[in-house]
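Reproduced below: query-v4.txt, with compact mmCIF, C-alpha atoms.
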```
# COMPACT_ATOMS: atom_id res chain seq x y z
CA MET A 1 76.47 37.54 107.44
CA ARG A 2 75.03 35.85 110.52
CA GLY A 3 72.80 38.80 111.41
CA ILE A 4 71.12 39.34 108.04
CA PRO A 5 67.75 37.60 107.51
CA ARG A 6 68.09 34.84 104.95
CA LEU A 7 66.00 33.67 102.04
CA PRO A 8 64.96 30.02 102.16
CA ASP A 9 66.93 27.44 100.26
CA ALA A 10 66.01 27.28 96.55
CA SER A 11 64.37 23.86 96.89
CA LEU A 12 62.01 25.10 99.62
CA ALA A 13 61.45 28.50 97.98
CA ARG A 14 60.41 26.79 94.74
CA LEU A 15 57.86 24.67 96.58
CA LEU A 16 56.46 27.70 98.40
CA VAL A 17 56.07 29.76 95.22
CA LEU A 18 54.48 26.86 93.34
CA ARG A 19 52.00 26.19 96.14
CA ALA A 20 51.13 29.91 96.37
CA LEU A 21 50.35 29.97 92.63
CA VAL A 22 48.19 26.83 92.88
CA LEU A 23 46.31 28.38 95.81
CA TRP A 24 45.87 31.64 93.89
CA VAL A 25 44.38 29.74 90.91
CA PHE A 26 42.14 27.77 93.27
CA LEU A 27 40.86 30.92 94.98
CA HIS A 28 40.16 32.55 91.60
CA CYS A 29 38.29 29.44 90.44
CA MET A 30 36.22 29.66 93.62
CA ALA A 31 35.53 33.37 92.97
CA LEU A 32 34.60 32.64 89.34
CA ALA A 33 32.28 29.82 90.42
CA LEU A 34 30.68 32.15 92.95
CA VAL A 35 30.19 34.92 90.33
CA THR A 36 28.77 32.43 87.80
CA ALA A 37 26.42 30.93 90.37
CA THR A 38 25.08 34.29 91.54
CA THR A 39 24.73 36.01 88.13
CA LEU A 40 23.94 32.92 86.01
CA GLU A 41 26.04 34.41 83.20
CA ARG A 42 28.91 32.86 81.27
CA PRO A 43 32.15 34.26 82.74
CA ASP A 44 34.43 36.20 80.37
CA ALA A 45 37.92 37.70 80.72
CA ALA A 46 36.50 40.62 82.70
CA ALA A 47 35.47 38.17 85.40
CA LEU A 48 39.19 37.71 86.19
CA ARG A 49 39.19 41.24 87.60
CA LEU A 50 37.98 41.10 91.16
CA GLY A 51 38.32 44.76 92.13
CA GLY A 52 40.72 46.45 94.52
CA ARG A 53 39.67 45.08 97.89
CA ALA A 54 38.85 41.60 96.60
CA SER A 55 42.25 41.40 94.87
CA LEU A 56 44.00 42.33 98.11
CA LEU A 57 41.89 39.77 99.96
CA VAL A 58 42.85 37.02 97.49
CA VAL A 59 46.57 37.86 97.83
CA ALA A 60 46.32 37.94 101.65
CA LEU A 61 44.32 34.71 101.73
CA THR A 62 46.82 33.02 99.41
CA ALA A 63 49.74 34.06 101.63
CA TRP A 64 47.93 32.96 104.80
CA LEU A 65 46.92 29.56 103.40
CA ALA A 66 50.41 28.97 101.97
CA TYR A 67 51.93 29.83 105.36
CA LEU A 68 49.57 27.43 107.17
CA ASP A 69 50.38 24.69 104.67
CA ALA A 70 54.13 25.27 105.09
CA ASP A 71 53.71 25.17 108.87
CA ARG A 72 51.76 21.89 108.61
CA ARG A 73 54.66 20.40 106.66
CA ASN A 74 57.23 21.50 109.35
CA GLU A 75 58.81 23.84 106.79
CA VAL A 76 58.37 27.03 108.83
CA PHE A 77 60.06 25.60 111.94
CA PHE A 78 62.80 24.05 109.83
CA MET A 79 63.48 27.32 108.01
CA GLN A 80 63.52 29.29 111.28
CA ASN A 81 66.24 26.93 112.51
CA LEU A 82 68.19 27.82 109.37
CA GLY A 83 67.78 31.55 110.02
CA VAL A 84 64.80 32.35 107.79
CA PRO A 85 62.22 34.65 109.47
CA ARG A 86 58.50 33.80 109.31
CA ARG A 87 57.77 37.06 107.48
CA VAL A 88 60.01 35.93 104.61
CA VAL A 89 57.90 32.76 104.27
CA VAL A 90 54.73 34.88 104.13
CA LEU A 91 56.34 37.27 101.61
CA LEU A 92 57.48 34.40 99.43
CA ALA A 93 53.87 33.31 99.11
CA ALA A 94 52.43 36.81 98.81
CA VAL A 95 54.75 38.11 96.07
CA PRO A 96 53.89 35.49 93.37
CA ALA A 97 50.19 35.83 94.25
CA ALA A 98 50.42 39.62 93.88
CA CYS A 99 52.25 39.24 90.55
CA ALA A 100 49.64 36.77 89.28
CA GLU A 101 46.89 39.13 90.44
CA ALA A 102 48.51 42.05 88.58
CA ILE A 103 48.80 39.96 85.39
CA ALA A 104 45.14 38.89 85.69
CA ILE A 105 44.06 42.52 86.12
CA ALA A 106 46.12 43.56 83.07
CA ILE A 107 44.63 40.75 80.93
CA SER A 108 41.08 41.56 81.95
CA ALA A 109 41.63 45.29 81.37
CA ARG A 110 42.96 44.61 77.85
CA ALA A 111 40.02 42.31 77.10
CA ALA A 112 37.56 44.95 78.29
CA MET B 113 82.43 30.98 128.37
CA THR B 114 78.64 30.90 128.80
CA VAL B 115 77.11 30.51 125.35
CA LEU B 116 73.38 30.48 126.17
CA ARG B 117 71.66 31.86 129.25
CA ALA B 118 67.90 32.05 129.73
CA ASP B 119 67.54 33.94 133.00
CA SER B 120 64.56 34.21 135.40
CA ILE B 121 62.07 33.08 132.79
CA ALA B 122 58.39 33.30 133.69
CA ARG B 123 55.59 32.01 131.49
CA SER B 124 51.92 31.29 132.00
CA PHE B 125 49.33 29.69 129.75
CA GLY B 126 45.70 30.66 130.23
CA GLY B 127 46.12 31.57 133.88
CA ARG B 128 48.31 28.56 134.67
CA GLN B 129 51.77 29.67 135.77
CA VAL B 130 54.11 27.06 134.27
CA LEU B 131 57.39 28.85 134.93
CA THR B 132 57.88 31.43 137.67
CA SER B 133 61.64 31.98 137.64
CA ALA B 134 63.53 29.36 135.67
CA THR B 135 67.12 29.73 134.59
CA ILE B 136 69.25 27.59 132.33
CA THR B 137 72.78 28.16 131.13
CA ALA B 138 75.17 26.25 128.92
CA GLY B 139 78.85 26.86 128.40
CA GLU B 140 81.26 25.89 125.67
CA GLY B 141 81.84 22.14 125.55
CA GLU B 142 79.30 21.48 128.29
CA ILE B 143 76.38 19.03 128.12
CA VAL B 144 73.52 20.13 130.35
CA ALA B 145 70.72 17.67 131.09
CA LEU B 146 67.40 19.35 131.81
CA VAL B 147 65.18 16.92 133.67
CA GLY B 148 61.85 17.09 135.41
CA ARG B 149 58.37 15.58 135.48
CA ASN B 150 55.86 15.99 132.66
CA GLY B 151 54.29 19.43 132.50
CA VAL B 152 56.86 21.26 134.65
CA GLY B 153 57.88 23.48 131.74
CA LYS B 154 61.07 21.93 130.32
CA SER B 155 59.97 22.31 126.70
CA THR B 156 58.55 25.77 127.42
CA LEU B 157 61.87 26.87 128.90
CA LEU B 158 63.82 25.49 125.93
CA ASN B 159 61.42 27.04 123.40
CA ILE B 160 61.80 30.43 125.10
CA ALA B 161 65.59 30.06 125.29
CA CYS B 162 65.63 29.37 121.53
CA GLY B 163 63.23 32.17 120.61
CA HIS B 164 60.35 29.91 119.53
CA ASP B 165 58.13 31.23 122.32
CA GLY B 166 57.96 34.50 124.21
CA ALA B 167 58.47 34.83 127.96
CA ASP B 168 56.25 36.90 130.26
CA SER B 169 59.46 38.08 131.90
CA GLY B 170 63.14 37.21 131.87
CA THR B 171 66.00 37.59 129.44
CA VAL B 172 67.84 35.43 126.94
CA THR B 173 71.56 36.00 126.38
CA PHE B 174 73.33 34.24 123.53
CA MET B 175 77.00 34.69 122.73
CA ARG B 176 77.19 37.65 125.16
CA ARG B 177 74.35 39.43 123.40
CA ALA B 178 71.11 40.00 125.33
CA TYR B 179 67.84 39.55 123.47
CA LEU B 180 64.79 41.27 124.94
CA ASP B 181 62.38 39.64 122.51
CA ALA B 182 64.50 36.92 120.98
CA SER B 183 63.33 35.65 117.59
CA ALA B 184 64.16 32.09 116.63
CA ASP B 185 65.61 33.03 113.25
CA ALA B 186 67.93 35.70 114.73
CA LEU B 187 69.22 33.23 117.32
CA ALA B 188 69.59 30.57 114.63
CA ARG B 189 71.69 32.94 112.52
CA ALA B 190 73.84 33.60 115.59
CA GLY B 191 74.50 29.85 115.91
CA LEU B 192 71.67 28.28 117.92
CA PHE B 193 69.87 25.14 116.79
CA LEU B 194 66.80 23.58 118.42
CA VAL B 195 65.86 19.97 117.77
CA PRO B 196 62.28 20.05 119.04
CA ALA B 197 60.33 17.26 120.69
CA ARG B 198 58.01 17.29 117.67
CA ASP B 199 59.18 16.51 114.13
CA LEU B 200 61.74 18.91 112.68
CA LEU B 201 62.32 17.84 109.08
CA PRO B 202 59.94 19.07 106.35
CA THR B 203 57.65 16.35 105.02
CA SER B 204 57.91 17.82 101.52
CA LEU B 205 61.65 17.11 101.14
CA SER B 206 63.66 13.91 101.33
CA ILE B 207 65.96 13.54 104.33
CA GLY B 208 68.97 13.99 102.05
CA ASP B 209 67.55 17.23 100.61
CA SER B 210 66.83 18.57 104.12
CA LEU B 211 70.41 17.82 105.19
CA ALA B 212 71.70 19.51 102.03
CA CYS B 213 69.55 22.56 102.85
CA ALA B 214 71.11 22.71 106.32
CA ARG B 215 74.57 22.44 104.75
CA ARG B 216 73.91 25.27 102.28
CA ALA B 217 72.41 27.49 105.00
CA GLY B 218 75.49 27.00 107.19
CA ASP B 219 78.67 29.02 107.20
CA ARG B 220 82.19 27.79 106.42
CA ARG B 221 82.18 25.62 109.55
CA ALA B 222 79.25 23.54 108.25
CA LEU B 223 80.04 19.83 107.95
CA ASP B 224 79.82 17.53 104.98
CA VAL B 225 76.44 15.78 104.55
CA ALA B 226 77.90 12.41 103.49
CA GLU B 227 80.33 12.34 106.42
CA VAL B 228 77.66 13.05 109.06
CA ALA B 229 75.14 10.72 107.38
CA GLU B 230 77.67 7.89 107.50
CA ARG B 231 78.47 8.60 111.15
CA LEU B 232 74.80 8.45 112.09
CA GLY B 233 73.99 5.48 109.83
CA LEU B 234 71.65 7.42 107.56
CA GLU B 235 72.95 6.45 104.11
CA ALA B 236 70.02 4.12 103.41
CA VAL B 237 67.34 6.70 104.26
CA LEU B 238 68.73 9.80 102.53
CA GLY B 239 66.30 9.35 99.63
CA LEU B 240 63.27 8.83 101.88
CA ARG B 241 60.82 11.41 103.15
CA PRO B 242 60.85 11.71 106.98
CA GLN B 243 57.38 10.15 107.24
CA ALA B 244 58.72 6.98 105.57
CA ALA B 245 61.59 6.62 108.06
CA SER B 246 61.37 4.97 111.48
CA GLY B 247 61.25 7.03 114.67
CA GLY B 248 64.89 6.28 115.44
CA GLU B 249 66.01 7.18 111.92
CA ARG B 250 64.06 10.44 112.09
CA ARG B 251 65.68 11.41 115.39
CA ARG B 252 69.13 10.60 114.00
CA ALA B 253 68.36 12.59 110.84
CA GLU B 254 67.20 15.58 112.91
CA LEU B 255 70.38 15.49 114.95
CA ALA B 256 72.39 15.14 111.72
CA CYS B 257 70.72 18.30 110.45
CA ALA B 258 71.80 20.16 113.59
CA VAL B 259 75.34 18.76 113.50
CA ILE B 260 75.83 19.62 109.81
CA ARG B 261 74.95 23.24 110.57
CA ALA B 262 77.78 23.30 113.14
CA PRO B 263 75.96 25.41 115.74
CA ARG B 264 77.57 27.09 118.71
CA CYS B 265 74.74 25.82 120.89
CA LEU B 266 72.66 22.70 120.27
CA VAL B 267 69.41 22.31 122.17
CA ALA B 268 67.61 18.97 121.91
CA ASP B 269 64.19 18.53 123.47
CA GLU B 270 63.53 14.90 124.42
CA PRO B 271 65.82 13.38 121.76
CA PHE B 272 65.69 9.91 123.36
CA ARG B 273 61.91 9.62 123.43
CA GLY B 274 60.77 6.44 121.73
CA VAL B 275 64.18 5.45 120.34
CA SER B 276 65.89 2.08 120.80
CA PRO B 277 68.97 1.73 123.07
CA LEU B 278 71.21 1.40 120.01
CA ASP B 279 69.81 4.59 118.45
CA ALA B 280 70.10 6.32 121.84
CA GLU B 281 73.77 5.31 122.02
CA CYS B 282 74.31 6.72 118.53
CA LEU B 283 72.71 10.03 119.59
CA CYS B 284 74.78 10.07 122.82
CA ALA B 285 78.00 9.64 120.82
CA GLU B 286 77.04 12.58 118.61
CA PHE B 287 76.24 14.80 121.60
CA ARG B 288 79.61 13.92 123.12
CA ARG B 289 81.35 14.64 119.82
CA ALA B 290 79.62 18.03 119.56
CA ALA B 291 80.59 18.94 123.13
CA ALA B 292 84.18 17.86 122.47
CA ALA B 293 84.20 20.31 119.53
CA GLY B 294 83.23 23.12 121.92
CA VAL B 295 79.50 23.21 121.26
CA ALA B 296 77.25 24.03 124.22
CA VAL B 297 74.67 21.25 124.42
CA ILE B 298 71.37 21.20 126.32
CA VAL B 299 69.41 17.95 126.31
CA SER B 300 66.08 17.43 128.02
CA GLY B 301 64.11 14.28 128.70
CA HIS B 302 63.03 11.61 131.13
CA GLU B 303 65.51 8.88 130.20
CA LEU B 304 67.86 9.38 133.14
CA PRO B 305 70.40 6.61 132.33
CA ALA B 306 71.05 8.04 128.84
CA LEU B 307 71.01 11.65 130.06
CA PHE B 308 73.28 10.95 133.04
CA ALA B 309 75.70 9.06 130.79
CA ILE B 310 76.44 12.16 128.70
CA ALA B 311 75.71 15.11 130.99
CA SER B 312 78.38 17.18 132.64
CA ARG B 313 75.71 19.00 134.68
CA VAL B 314 72.12 18.26 135.65
CA VAL B 315 69.43 20.94 135.97
CA TRP B 316 66.17 19.97 137.64
CA CYS B 317 63.04 21.77 136.52
CA THR B 318 60.43 21.72 139.27
CA ASP B 319 57.70 23.95 140.72
CA GLY B 320 58.20 26.59 138.03
CA THR B 321 61.89 27.04 138.80
CA THR B 322 65.15 25.25 138.11
CA GLN B 323 67.75 23.85 140.46
CA ASN B 324 71.32 23.20 139.48
CA LEU B 325 72.15 19.75 140.85
CA GLY B 326 75.75 19.60 139.65
CA SER B 327 77.24 16.45 138.17
CA PRO B 328 75.09 13.36 137.45
CA ALA B 329 76.70 11.67 140.48
CA HIS B 330 75.60 14.56 142.73
CA ALA B 331 72.12 14.48 141.17
CA ALA B 332 71.82 10.74 141.77
CA ALA B 333 72.75 11.32 145.42
CA ASP B 334 70.08 14.02 145.88
CA TRP B 335 67.31 12.17 147.75
CA ARG B 336 64.63 14.82 147.08
CA PHE B 337 65.33 14.85 143.35
CA MET B 338 65.43 11.07 143.16
CA SER B 339 62.30 10.54 145.23
CA GLU B 340 60.28 13.18 143.35
CA LEU B 341 61.40 12.28 139.85
CA VAL B 342 62.26 8.59 139.93
CA GLY B 343 60.15 7.32 142.84
CA PRO B 344 60.99 4.87 145.61
CA ARG B 345 62.25 2.13 143.28
CA GLY B 346 65.14 4.24 142.04
CA LEU B 347 66.89 3.95 138.68
```
Show me, as structure tokens, the structure contained in the file I just sent.
Amino acid sequence: MRGIPRLPDASLARLLVLRALVLWVFLHCMALALVTATTLERPDAAALRLGGRASLLVVALTAWLAYLDADRRNEVFFMQNLGVPRRVVVLLAAVPAACAEAIAIAISARAA
Amino acid sequence: MTVLRADSIARSFGGRQVLTSATITAGEGEIVALVGRNGVGKSTLLNIACGHDGADSGTVTFMRRAYLDASADALARAGLFLVPARDLLPTSLSIGDSLACARRAGDRRALDVAEVAERLGLEAVLGLRPQAASGGERRRAELACAVIRAPRCLVADEPFRGVSPLDAECLCAEFRRAAAAGVAVIVSGHELPALFAIASRVVWCTDGTTQNLGSPAHAAADWRFMSELVGPRGL
């Protein structure tokens, strides 16, 4: 078992996922504020849908910011010492953001 | 048996050649003291040996397996633990939770959290975040984390920096205990009395290379080492 990359401990994984979701919401709020400011229209459910490239950008940005935040809190170094690769930390932030993005796209598509 | 060997390591930063051909080894039950002046590359060498930094050239061998581009997590899974000069414990977890994480991530050899915490006098700070603990308590907690994981090789970068003599003695006892259990230990720093008290071998990092000085007694008798590192006033 020593050679297989590990997942972080549940307590750290929970924190990472939660922070990624908060960041995802924050980035979407920023995008909504930007759309509202530029179009001067009241945002509706369709405004949740960012479009292909923008959605990918939000997921990547969420993962990157979550990784930087984890690194700032010594979590990345600590997890590496426990056998968790950096890419797992990035994935753990990217997966919930991608799921949230998919749900947002589905909601906005249904509303449209 | 040699547990960790970082061989002929070269590393430069922005055109400055810090290491040209540095080598460090540690065998089972051995405590190696890596000493040298500030900026000679001790931390760089240890970071490369533990996979936290890449070398320009050289190889890392751990448990008879050579790693061309060693990653820290792969070496950690094989039984290596680095206590860095900077803070190790996550600021988002209490010290007790971090130790429990280390316990759960360990294999069947991992030690009991309560037992190690008692040995290192950490019972009162288990509920605190690392930033609320004193420097000495943090260093003891970081070493506790490493000890709980029961590594095959324990590397500690400047563990005695800024800690009181009593805390330093506590850390020394734990290093000795680890070595007695067969763990290969590498400790770096500038605190020669503490390092010489525990080391079985002294390695001097200077001019981009390393020199094996032998036992602390031999190192203390080396006039060039003493004059360049300690100065004319001696220990």
Could you write out as a PyMOL selection string the residues of chain B within 8 Å of chain A, counting all atoms listed in the file?
chain B and resi 184-190+192-194+199-204+213-214+216-218
At a cut-off of 9 Å, using only C-alpha atoms, what residues contact stretch 114-129 of chain B? Leave out same-chain residues fewer than 6 positions from it and give the result as a ChimeraX atom specification.
/B:135-140,153,156-158,160-162,166-176,192,264-265,295-296,320-321
To one decimal place, how far is atom CA of B:Ala197 from atom CA of B:Gly274 in Å?
10.9 Å
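You will find atom CA of B:Val144 at 5.8 Å from atom CA of B:Val314.
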Give me, please, the distance in Å between atom CA of B:Asp209 and atom CA of B:Ala285, quoted to one decimal.
24.0 Å
Which polymer residues have any atom within 9 Å of an atom of A:Ala66, counting all atoms listed in the file, with same-chain residues fewer than 6 positions away left out, as a PyMOL selection string?
chain A and resi 16-17+19-20+23+89-90+93-94
Could you pull the residues within 12 Å of A:Ala98, counting all atoms listed in the file, minus those fewer than 3 positions along the same chain, as a ChimeraX atom specification?
/A:17,20-21,24-25,52,55-63,91-95,101-105
Now that the selection is made, can you save its residues with C-alpha atoms as a PDB file, in the coordinates of the input?
```pdb
ATOM      1  CA  VAL A  17      56.070  29.760  95.220  1.00  0.00           C
ATOM      2  CA  ALA A  20      51.130  29.910  96.370  1.00  0.00           C
ATOM      3  CA  LEU A  21      50.350  29.970  92.630  1.00  0.00           C
ATOM      4  CA  TRP A  24      45.870  31.640  93.890  1.00  0.00           C
ATOM      5  CA  VAL A  25      44.380  29.740  90.910  1.00  0.00           C
ATOM      6  CA  GLY A  52      40.720  46.450  94.520  1.00  0.00           C
ATOM      7  CA  SER A  55      42.250  41.400  94.870  1.00  0.00           C
ATOM      8  CA  LEU A  56      44.000  42.330  98.110  1.00  0.00           C
ATOM      9  CA  LEU A  57      41.890  39.770  99.960  1.00  0.00           C
ATOM     10  CA  VAL A  58      42.850  37.020  97.490  1.00  0.00           C
ATOM     11  CA  VAL A  59      46.570  37.860  97.830  1.00  0.00           C
ATOM     12  CA  ALA A  60      46.320  37.940 101.650  1.00  0.00           C
ATOM     13  CA  LEU A  61      44.320  34.710 101.730  1.00  0.00           C
ATOM     14  CA  THR A  62      46.820  33.020  99.410  1.00  0.00           C
ATOM     15  CA  ALA A  63      49.740  34.060 101.630  1.00  0.00           C
ATOM     16  CA  LEU A  91      56.340  37.270 101.610  1.00  0.00           C
ATOM     17  CA  LEU A  92      57.480  34.400  99.430  1.00  0.00           C
ATOM     18  CA  ALA A  93      53.870  33.310  99.110  1.00  0.00           C
ATOM     19  CA  ALA A  94      52.430  36.810  98.810  1.00  0.00           C
ATOM     20  CA  VAL A  95      54.750  38.110  96.070  1.00  0.00           C
ATOM     21  CA  GLU A 101      46.890  39.130  90.440  1.00  0.00           C
ATOM     22  CA  ALA A 102      48.510  42.050  88.580  1.00  0.00           C
ATOM     23  CA  ILE A 103      48.800  39.960  85.390  1.00  0.00           C
ATOM     24  CA  ALA A 104      45.140  38.890  85.690  1.00  0.00           C
ATOM     25  CA  ILE A 105      44.060  42.520  86.120  1.00  0.00           C
TER      26      ILE A 105
END
```
Within 10 Å of file point (67.1, 15.7, 123.7), counting only C-alpha atoms, expressed as an NGL selection string
:B and (145-146 or 194-197 or 251 or 255 or 266-273 or 283-284 or 287 or 297-303 or 307)
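Using only C-alpha atoms, the shortest contact distance between A:Ala54 and any of A:Ala31, A:Leu68, A:Ala100, A:Ala111 is found at A:Ala31.
Compared by their closest atoms to B:Ser327, and using only C-alpha atoms, the residues B:Lys154, B:Asn159, B:Leu205, B:Glu142 rank with B:Glu142 nearest.
Near (72.8, 8.7, 141.2), the residues inside the 12 Å limit, counting all atoms listed in the file, come to Leu304, Pro305, Leu307, Phe308, Ala309, Val314, Leu325, Gly326, Ser327, Pro328, Ala329, His330, Ala331, Ala332, Ala333, Asp334, Trp335, Arg336, Phe337, Met338, Ser339, Val342, Gly346 and Leu347 of chain B.
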